[in-house]
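Student: If it helps, the file is called input15.cif and holds mmCIF, C-alpha atoms:
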```
data_coords
loop_
_atom_site.label_atom_id
_atom_site.label_comp_id
_atom_site.auth_asym_id
_atom_site.auth_seq_id
_atom_site.Cartn_x
_atom_site.Cartn_y
_atom_site.Cartn_z
CA MET P 431 145.59 114.63 88.42
CA THR P 432 146.91 111.89 90.73
CA GLU P 433 145.22 108.49 90.93
CA ASN P 434 144.01 109.28 94.46
CA ASN P 435 142.52 112.63 93.46
CA GLY P 436 140.79 110.99 90.50
CA ARG P 437 139.21 108.36 92.76
CA HIS P 438 138.20 111.06 95.23
CA ASP P 439 136.53 113.16 92.49
CA ARG P 440 134.77 110.05 91.23
CA SER P 441 133.43 109.17 94.69
CA GLN P 442 132.10 112.73 95.04
CA LEU P 443 130.32 112.47 91.69
CA GLN P 444 128.95 109.04 92.58
CA PHE P 445 127.61 110.46 95.83
CA PHE P 446 125.93 113.31 93.97
CA GLY P 447 124.47 110.82 91.47
CA LYS P 448 123.11 108.52 94.17
CA ILE P 449 121.33 111.36 95.94
CA VAL P 450 119.84 112.73 92.71
CA ALA P 451 118.75 109.23 91.60
CA ALA P 452 117.02 108.46 94.90
CA THR P 453 115.29 111.82 95.22
CA THR P 454 114.10 112.03 91.61
CA HIS P 455 112.67 108.54 92.04
CA GLU P 456 110.75 109.80 95.08
CA ILE P 457 109.54 112.88 93.17
CA ASN P 458 108.36 110.63 90.36
CA ASN P 459 106.41 108.57 92.89
CA VAL P 460 104.75 111.75 94.13
CA LEU P 461 103.79 112.70 90.55
CA SER P 462 102.43 109.19 89.94
CA ILE P 463 100.25 109.35 93.05
CA VAL P 464 98.91 112.81 92.12
CA ASN P 465 98.27 111.50 88.59
CA GLU P 466 96.23 108.57 89.94
CA ASN P 467 94.26 110.75 92.35
CA THR P 468 93.30 113.33 89.72
CA GLY P 469 92.47 110.43 87.41
CA LEU P 470 90.26 108.86 90.06
CA LEU P 471 88.43 112.13 90.58
CA ALA P 472 87.83 112.45 86.83
CA ASP P 473 86.65 108.80 86.68
CA LEU P 474 84.16 109.31 89.52
CA LEU P 475 82.80 112.54 88.06
CA ALA P 476 82.43 110.95 84.64
CA ALA P 477 80.76 107.84 86.07
CA GLY P 478 78.16 109.72 88.12
CA GLY P 479 77.72 112.75 85.89
CA GLY P 480 79.10 114.78 88.78
CA LYS P 481 76.26 113.74 91.10
CA GLY P 482 77.45 110.38 92.35
CA VAL P 483 80.57 111.55 94.18
CA SER P 484 80.23 112.32 97.87
CA SER P 485 81.92 115.38 99.34
CA GLU P 486 83.74 113.01 101.73
CA LYS P 487 85.26 111.18 98.78
CA ILE P 488 86.34 114.45 97.16
CA ASP P 489 87.83 115.58 100.50
CA SER P 490 89.73 112.33 100.86
CA ILE P 491 91.18 112.56 97.33
CA ASN P 492 92.08 116.21 97.94
CA GLU P 493 93.75 115.29 101.23
CA SER P 494 95.83 112.60 99.56
CA ILE P 495 96.92 115.00 96.80
CA ASN P 496 97.88 117.66 99.36
CA LYS P 497 99.76 115.14 101.52
CA HIS P 498 101.89 114.04 98.58
CA LEU P 499 102.39 117.59 97.29
CA ASP P 500 103.79 118.45 100.75
CA ARG P 501 106.01 115.38 100.56
CA GLY P 502 107.22 116.49 97.12
CA LYS P 503 107.91 120.04 98.35
CA GLU P 504 109.95 118.68 101.27
CA ILE P 505 112.03 116.47 98.98
CA ILE P 506 112.65 119.32 96.52
CA LYS P 507 113.54 121.74 99.34
CA ASN P 508 116.10 119.27 100.69
CA LEU P 509 117.46 118.46 97.24
CA ASN P 510 117.88 122.18 96.61
CA LEU P 511 119.75 122.64 99.90
CA PHE P 512 121.97 119.73 98.94
CA ALA P 513 122.65 121.14 95.46
CA HIS P 514 123.69 124.49 96.93
CA SER P 515 126.11 122.82 99.33
CA VAL P 516 128.74 122.91 96.54
CA ASP P 517 128.44 126.69 96.05
CA GLN P 518 131.26 127.60 98.42
CA GLU P 519 134.25 125.67 99.66
CA VAL P 520 133.64 126.94 103.19
CA SER P 521 130.34 128.21 104.51
CA GLY P 522 128.48 128.62 107.79
CA ILE P 523 126.27 125.63 108.58
CA ASP P 524 124.20 124.30 111.45
CA LEU P 525 125.25 120.73 112.09
CA GLU P 526 121.81 119.36 112.96
CA ASP P 527 120.34 120.87 109.75
CA VAL P 528 122.97 119.10 107.64
CA VAL P 529 122.37 115.80 109.45
CA GLU P 530 118.59 116.09 109.00
CA ASN P 531 119.07 117.06 105.34
CA MET P 532 121.14 113.94 104.68
CA MET P 533 118.73 111.74 106.62
CA LEU P 534 115.82 112.84 104.45
CA LEU P 535 117.78 112.46 101.22
CA SER P 536 119.00 108.99 102.24
CA GLN P 537 115.56 107.83 103.36
CA ARG P 538 114.90 105.80 100.24
CA TYR P 539 118.11 103.78 100.71
CA ALA P 540 117.32 103.30 104.40
CA ARG P 541 113.79 102.09 103.73
CA GLN P 542 115.08 99.57 101.20
CA LYS P 543 116.92 97.96 104.12
CA LYS P 544 114.04 98.48 106.57
CA ALA P 545 116.47 100.67 108.50
CA SER P 546 115.84 103.93 110.27
CA PHE P 547 118.08 106.74 111.45
CA LYS P 548 117.24 108.39 114.75
CA PRO P 549 118.63 111.92 115.22
CA GLU P 550 119.66 113.22 118.64
CA HIS P 551 120.82 116.79 119.16
CA PRO P 552 121.35 117.13 122.93
CA ASP P 553 123.59 120.22 122.56
CA GLY P 554 121.07 122.02 120.33
CA LYS P 555 122.29 124.17 117.49
CA ILE P 556 125.97 123.74 116.64
CA SER P 557 127.18 126.28 114.09
CA LEU P 558 130.45 125.87 112.25
CA GLN P 559 132.37 126.96 109.20
CA THR P 560 133.17 124.03 106.96
CA ASP P 561 132.82 122.48 103.52
CA ALA P 562 129.09 121.71 103.52
CA PHE P 563 129.31 119.30 100.59
CA LEU P 564 132.20 117.21 101.92
CA LEU P 565 130.53 117.03 105.32
CA ARG P 566 127.44 115.60 103.62
CA LEU P 567 129.60 113.08 101.79
CA ALA P 568 131.12 111.99 105.12
CA ILE P 569 127.66 111.57 106.68
CA PHE P 570 126.36 109.64 103.66
CA THR P 571 129.42 107.38 103.71
CA CYS P 572 128.65 106.55 107.34
CA PHE P 573 124.99 105.85 106.50
CA SER P 574 126.12 103.65 103.59
CA SER P 575 128.44 101.68 105.87
CA TYR P 576 125.43 100.59 107.92
CA LEU P 577 123.15 100.06 104.93
CA SER P 578 125.53 97.90 102.93
CA GLY P 579 126.59 95.55 105.67
CA CYS P 580 123.79 95.07 108.14
CA GLU P 581 120.80 92.79 108.25
CA PRO P 582 117.51 94.58 107.48
CA GLY P 583 115.39 96.08 110.24
CA TYR P 584 117.67 98.08 112.48
CA GLU P 585 118.02 101.57 113.91
CA VAL P 586 121.08 103.79 113.83
CA THR P 587 121.32 106.67 116.27
CA VAL P 588 122.92 109.83 114.88
CA ARG P 589 123.99 112.11 117.70
CA THR P 590 125.47 115.57 117.21
CA GLY P 591 127.51 117.21 119.93
CA LYS P 592 130.52 119.28 120.89
CA GLN P 593 133.96 118.05 121.88
CA ASP P 594 136.42 120.74 122.99
CA ARG P 595 136.44 123.20 120.08
CA SER P 596 135.21 120.68 117.54
CA ALA P 597 131.85 119.36 116.49
CA VAL P 598 131.08 115.66 116.62
CA ILE P 599 128.65 113.35 114.88
CA ALA P 600 128.47 109.93 116.55
CA PHE P 601 126.71 107.07 114.81
CA SER P 602 125.80 103.95 116.72
CA GLY P 603 123.98 100.89 115.50
CA PRO P 604 124.58 97.23 114.70
CA GLU P 605 127.93 95.77 113.70
CA ILE P 606 129.19 97.27 110.44
CA LYS P 607 130.82 95.49 107.53
CA ASP P 608 134.29 97.00 107.36
CA GLU P 609 134.78 98.10 103.75
CA ALA P 610 138.11 99.52 102.63
CA ASP P 611 136.59 101.86 100.03
CA LYS P 612 134.36 103.55 102.62
CA ARG P 613 137.26 103.96 105.04
CA GLU P 614 139.31 105.48 102.23
CA ILE P 615 136.56 107.98 101.37
CA LEU P 616 136.16 108.91 105.04
CA SER P 617 139.90 109.26 105.45
CA GLN P 618 140.21 111.61 102.47
CA VAL P 619 137.11 113.64 103.31
CA MET P 620 137.90 114.07 106.99
CA GLU P 621 141.45 115.08 106.16
CA ASN P 622 140.09 117.74 103.78
CA LEU P 623 137.70 118.93 106.50
CA GLY P 624 140.60 119.20 108.93
CA GLY P 625 138.98 116.62 111.15
CA SER P 626 139.28 112.97 112.03
CA PHE P 627 137.16 109.84 112.36
CA GLU P 628 136.88 106.68 114.41
CA PHE P 629 135.54 103.53 112.79
CA GLU P 630 134.81 100.61 115.12
CA ALA P 631 133.08 98.14 112.84
CA SER P 632 132.51 95.38 115.39
CA GLN P 633 131.04 97.86 117.88
CA GLY P 634 128.77 99.41 115.23
CA HIS P 635 130.27 102.79 116.02
CA ILE P 636 131.51 105.63 113.78
CA LYS P 637 132.51 109.04 115.04
CA LEU P 638 133.27 112.10 112.92
CA VAL P 639 135.16 114.96 114.56
CA ILE P 640 134.89 118.16 112.56
CA ALA P 641 137.00 121.25 113.13
CA GLY P 642 135.63 124.70 112.53
CA SER P 643 133.06 125.30 115.28
CA MET G 787 85.07 90.54 80.11
CA SER G 788 86.76 91.40 83.40
CA PHE G 789 90.06 90.09 84.63
CA HIS G 790 92.08 89.61 87.78
CA VAL G 791 95.35 91.47 88.30
CA LEU G 792 98.12 91.30 90.90
CA LEU G 793 99.60 94.73 91.57
CA VAL G 794 103.00 94.62 93.27
CA GLU G 795 103.93 98.11 94.43
CA ASP G 796 105.50 99.56 97.56
CA GLU G 797 103.89 103.00 97.20
CA LEU G 798 100.58 101.94 98.67
CA ASP G 799 98.80 105.25 98.04
CA PHE G 800 99.63 104.83 94.36
CA ALA G 801 98.66 101.16 94.26
CA ASN G 802 95.38 101.53 96.14
CA THR G 803 94.24 104.48 94.03
CA LEU G 804 95.13 102.65 90.83
CA ALA G 805 93.27 99.56 92.11
CA GLU G 806 90.21 101.74 92.77
CA ARG G 807 90.37 103.10 89.22
CA LEU G 808 90.73 99.62 87.79
CA ALA G 809 87.74 98.44 89.85
CA LEU G 810 85.63 101.16 88.20
CA ARG G 811 86.54 99.43 84.93
CA ASP G 812 85.57 95.98 86.23
CA ILE G 813 89.19 94.90 86.71
CA ARG G 814 89.90 93.34 90.09
CA ALA G 815 93.37 94.13 91.47
CA ASP G 816 95.01 92.55 94.53
CA VAL G 817 97.62 94.90 96.00
CA VAL G 818 100.79 93.68 97.73
CA SER G 819 103.93 95.59 98.67
CA GLU G 820 106.27 92.81 99.83
CA ALA G 821 108.16 90.55 97.45
CA SER G 822 107.36 87.38 99.40
CA ASP G 823 103.62 88.18 99.39
CA ALA G 824 103.77 88.80 95.66
CA VAL G 825 105.30 85.39 94.96
CA ASP G 826 102.86 83.64 97.34
CA LYS G 827 99.84 85.32 95.76
CA ALA G 828 101.06 84.58 92.25
CA LYS G 829 101.51 80.91 93.16
CA LYS G 830 98.09 80.57 94.80
CA ASN G 831 95.97 82.52 92.30
CA ASP G 832 95.38 82.38 88.61
CA TYR G 833 96.05 85.99 87.66
CA ASP G 834 95.52 87.24 84.14
CA VAL G 835 98.28 89.82 84.51
CA VAL G 836 100.86 90.87 87.11
CA LEU G 837 101.84 94.54 87.33
CA LEU G 838 105.22 94.69 89.03
CA ASP G 839 107.09 97.76 90.20
CA LEU G 840 110.79 97.32 89.47
CA VAL G 841 112.01 99.12 92.57
CA LEU G 842 110.47 97.72 95.73
CA TRP G 843 111.51 98.82 99.20
CA HIS G 844 113.05 95.56 100.26
CA ALA G 845 113.66 93.67 97.05
CA ARG G 846 114.57 93.97 93.43
CA GLY G 847 111.62 93.70 91.10
CA PHE G 848 113.73 91.53 88.78
CA ASP G 849 114.11 88.92 91.55
CA VAL G 850 110.34 88.87 92.03
CA LEU G 851 109.86 88.59 88.25
CA LYS G 852 112.23 85.61 88.14
CA GLU G 853 110.38 83.81 90.95
CA ILE G 854 106.96 84.46 89.45
CA LYS G 855 108.08 83.24 86.02
CA GLU G 856 109.64 80.12 87.57
CA ASN G 857 106.38 79.25 89.30
CA LYS G 858 103.82 80.60 86.83
CA PRO G 859 105.54 80.95 83.47
CA GLU G 860 102.23 81.45 81.68
CA VAL G 861 101.28 84.62 83.63
CA PRO G 862 102.27 87.79 81.76
CA VAL G 863 104.15 90.32 83.88
CA ILE G 864 104.15 94.02 82.98
CA LEU G 865 106.95 95.96 84.65
CA LEU G 866 106.31 99.45 86.00
CA SER G 867 109.20 101.74 86.64
CA GLY G 868 109.87 105.34 87.55
CA ARG G 869 112.82 105.46 85.18
CA GLY G 870 112.73 104.81 81.47
CA SER G 871 115.98 102.88 81.38
CA GLU G 872 116.87 100.96 78.22
CA LYS G 873 119.00 98.63 80.34
CA ASP G 874 116.09 97.82 82.70
CA PHE G 875 113.81 97.25 79.71
CA GLU G 876 116.29 94.82 78.13
CA GLU G 877 116.92 92.97 81.39
CA GLY G 878 113.19 92.74 82.08
CA MET G 879 112.39 91.35 78.64
CA LYS G 880 115.27 88.89 78.92
CA LYS G 881 113.88 87.68 82.26
CA GLY G 882 110.47 87.05 80.71
CA ALA G 883 108.48 90.27 81.23
CA TYR G 884 105.66 90.92 78.78
CA ASP G 885 106.35 94.65 78.59
CA TYR G 886 107.69 97.67 80.47
CA LEU G 887 105.82 100.90 81.26
CA VAL G 888 107.19 104.10 82.72
CA LYS G 889 105.30 105.81 85.58
CA PRO G 890 103.27 107.99 85.68
CA VAL G 891 101.26 105.99 83.20
CA GLN G 892 97.94 106.94 81.63
CA ILE G 893 95.26 104.41 82.59
CA GLU G 894 94.05 103.91 79.02
CA GLN G 895 97.57 102.94 77.98
CA LEU G 896 97.89 100.61 80.96
CA ILE G 897 94.58 98.88 80.26
CA GLU G 898 95.41 98.48 76.58
CA LYS G 899 98.69 96.84 77.57
CA MET G 900 96.95 94.62 80.15
CA ASN G 901 94.40 93.57 77.52
CA GLN G 902 97.17 92.61 75.12
CA ALA G 903 99.01 90.75 77.87
CA ALA G 904 95.90 88.88 79.04
CA SER G 905 95.06 87.97 75.44
CA SER G 906 98.56 86.61 74.95
CA LYS G 907 97.93 84.24 77.86
CA THR G 908 94.48 82.85 77.12
CA GLY G 909 92.94 84.80 74.34
CA LYS G 910 90.91 86.62 77.01
CA ALA G 911 90.20 90.31 76.34
CA GLY G 912 89.45 92.86 79.07
CA THR G 913 87.01 95.74 79.14
#
```
When written as structure tokens, how does the structure in this file appear?
Tutor:
Amino acid sequence: MTENNGRHDRSQLQFFGKIVAATTHEINNVLSIVNENTGLLADLLAAGGGKGVSSEKIDSINESINKHLDRGKEIIKNLNLFAHSVDQEVSGIDLEDVVENMMLLSQRYARQKKASFKPEHPDGKISLQTDAFLLRLAIFTCFSSYLSGCEPGYEVTVRTGKQDRSAVIAFSGPEIKDEADKREILSQVMENLGGSFEFEASQGHIKLVIAGS
Amino acid sequence: MSFHVLLVEDELDFANTLAERLALRDIRADVVSEASDAVDKAKKNDYDVVLLDLVLWHARGFDVLKEIKENKPEVPVILLSGRGSEKDFEEGMKKGAYDYLVKPVQIEQLIEKMNQAASSKTGKAGT
């Protein structure tokens, strides 16, 4: 194994770890909220012998539990999609689905910086054959470039589109801190995807061009 | 005897429901989600215990812990975390936390811990 390959494998594992850490934290929050709501219901029933709890209160607790169960299901569904992205080296994907998947899984990191990602898919569904895992790593590396260097409270637009026979993801937001390690990851990943990237830190612009559409 | 708690937590649905449960047990909890509000409240009030989530949206719980302990060293701080990390526990204790609990936490366990923490401050025991 060369030193470069070793670093590349490590960055892939770190990416996997970061996503699992963030999403399991979110799932744990869901469980904690459900735990408190069922506990509250039990407390109220015990306190009033079952007679002192209004149906409105029970409805509101039930609504909160259902809201967070739906949130948990959405996180698990997206984590599952992410986990299966390593199944095949090349598979058929829809670009906007992959972008949305990564946005949801990166939400915790974005919220920590009071940042938000705004998706735009003016060309609609763009299907391509590519390495679904490496593409996710490239997208996450772009997200991380904004999150690590920018002041809190900003929006990054993530626009998918077509360019000749390739697919494009264009990120635009505030000025980015230019970090060599992120450029290196992008360089390696985009080379493996048979694509290219543009990184204009001062303009707050990153563009991924992916072959295979 | 009742006591007054500051609950620092960015998952407001969790915090507000827990506060409601504590109120049923005669424990008053003020809920804040921002680090700066937590430090302000801790400075201005005489809390018996602070419950502090380690992972806040916009700040590290350890930084909040440090600021609270600098301003109100006598107030016991119980850390709440979604992960049972030995490293977090050690860092928290080193920075002056009273104890560390892993979420989801059973309310009886939490209250027992809060009672012990409040007693360590003033000899005051909760419900």
Student: With a distance threshold of 8 Å and counting only C-alpha atoms, extract the residues of chain P near chain G and express them as a PDB file with C-alpha atoms, in the coordinates of the input.
Tutor:
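Written out: out-v4.pdb:
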```pdb
ATOM      1  CA  HIS P 455     112.670 108.540  92.040  1.00  0.00           C
ATOM      2  CA  ASN P 458     108.360 110.630  90.360  1.00  0.00           C
ATOM      3  CA  ASN P 459     106.410 108.570  92.890  1.00  0.00           C
ATOM      4  CA  LEU P 461     103.790 112.700  90.550  1.00  0.00           C
ATOM      5  CA  SER P 462     102.430 109.190  89.940  1.00  0.00           C
ATOM      6  CA  ILE P 463     100.250 109.350  93.050  1.00  0.00           C
ATOM      7  CA  ASN P 465      98.270 111.500  88.590  1.00  0.00           C
ATOM      8  CA  GLU P 466      96.230 108.570  89.940  1.00  0.00           C
ATOM      9  CA  ASN P 467      94.260 110.750  92.350  1.00  0.00           C
ATOM     10  CA  GLY P 469      92.470 110.430  87.410  1.00  0.00           C
ATOM     11  CA  LEU P 470      90.260 108.860  90.060  1.00  0.00           C
ATOM     12  CA  ASP P 473      86.650 108.800  86.680  1.00  0.00           C
ATOM     13  CA  ARG P 538     114.900 105.800 100.240  1.00  0.00           C
ATOM     14  CA  ARG P 541     113.790 102.090 103.730  1.00  0.00           C
ATOM     15  CA  GLN P 542     115.080  99.570 101.200  1.00  0.00           C
ATOM     16  CA  LYS P 543     116.920  97.960 104.120  1.00  0.00           C
ATOM     17  CA  LYS P 544     114.040  98.480 106.570  1.00  0.00           C
TER      18      LYS P 544
END
```
Student: List as a PyMOL selection string: which residues have an atom within 9 Å of (125.6, 98.4, 118.3), counting only C-alpha atoms?
Tutor: chain P and resi 586+602-606+632-635
Student: Go through the shown structure with the PyMOL selection byres ((chain G and resi 851) around 12) and write out the matching residues as JSON, numbers by chain.
Tutor: {"G": [794, 821, 822, 824, 825, 828, 836, 837, 838, 839, 840, 841, 842, 845, 846, 847, 848, 849, 850, 852, 853, 854, 855, 856, 857, 858, 859, 861, 862, 863, 864, 865, 866, 877, 878, 879, 880, 881, 882, 883, 884, 885]}
Student: Please evaluate the PyMOL selection byres ((chain G and resi 814) around 7) against the structure above and give the resulting residues as JSON, numbers by chain.
Tutor: {"G": [789, 790, 791, 808, 809, 812, 813, 815, 816]}
Student: Between atom CA of Ile556 of chain P and atom CA of Met533 of chain P, measure the distance and give it in Å to one decimal.
Tutor: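 Spanning atom CA of Ile556 of chain P to atom CA of Met533 of chain P is a straight-line distance of 17.2 Å.
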Student: Could you expand the PyMOL selection byres ((chain P and resi 589) around 7) into the explicit residues it covers here, written as number ranges by chain?
Tutor: P: 549-551, 587-588, 590-591, 599-601
Student: Please identify all polymer residues within 10 Å of segment 498-505 of chain P, counting all atoms listed in the file, omitting same-chain residues fewer than 3 positions from it, and present them as a list in words.
Tutor: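 Residues near the query, excluding close chain neighbours: Thr453, Thr454, Glu456, Ile457, Asn458, Asn459, Val460, Leu461, Ser462, Ile463, Val464, Glu493, Ser494, Ile495, Asn508, Leu509, Asn510, Leu511, Asn531, Leu534 and Leu535 of chain P; Asp799 of chain G.
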Student: Starting from 5 Å padding per side, set up an axis-aligned box that covers all listed atoms of segment 468-474 of chain P and hand over centre and edge lengths in Å, one decimal, as JSON.
Tutor:
```
{"center_x": 88.7, "center_y": 111.1, "center_z": 88.6, "size_x": 19.1, "size_y": 14.5, "size_z": 13.9}
```
Student: Just to confirm, what's the straight-line distance from atom CA of Gly579 of chain P to atom CA of Asp611 of chain P in Å (one decimal)?
Tutor: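 Computed distance, atom CA of Gly579 of chain P to atom CA of Asp611 of chain P, equals 13.1 Å.
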Student: Could you state the separation of atom CA of Tyr584 of chain P and atom CA of Glu628 of chain P in Å, given to one decimal place?
Tutor: 21.1 Å
Student: Could you list, as a CSV table (one decimal) with C-alpha atoms, in the frame of the given file, every residue within 9 Å of segment 437-452 of chain P, counting all atoms listed in the file and ignoring same-chain residues fewer than 4 positions away?
Tutor:
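Saved as selection.csv:
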```csv
chain,number,residue,atom,x,y,z
P,432,THR,CA,146.9,111.9,90.7
P,433,GLU,CA,145.2,108.5,90.9
P,456,GLU,CA,110.8,109.8,95.1
P,457,ILE,CA,109.5,112.9,93.2
P,509,LEU,CA,117.5,118.5,97.2
P,512,PHE,CA,122.0,119.7,98.9
P,513,ALA,CA,122.6,121.1,95.5
P,535,LEU,CA,117.8,112.5,101.2
P,536,SER,CA,119.0,109.0,102.2
P,537,GLN,CA,115.6,107.8,103.4
P,538,ARG,CA,114.9,105.8,100.2
P,539,TYR,CA,118.1,103.8,100.7
P,564,LEU,CA,132.2,117.2,101.9
P,567,LEU,CA,129.6,113.1,101.8
P,570,PHE,CA,126.4,109.6,103.7
P,571,THR,CA,129.4,107.4,103.7
P,615,ILE,CA,136.6,108.0,101.4
P,618,GLN,CA,140.2,111.6,102.5
P,619,VAL,CA,137.1,113.6,103.3
```
Student: Applying 12 Å and only C-alpha atoms, which residues near Ser484 of chain P remain after dropping the ones on its own chain fewer than 4 positions away? List them as a PyMOL selection string.
Tutor: chain P and resi 471+474-475+478+480+488-491
Student: I need every residue sitting at most 6 Å from the point (94.7, 88.8, 80.5) (coordinates as in the file, only C-alpha atoms considered), written as a PyMOL selection string.
Tutor: chain G and resi 834-835+901+903-905+910
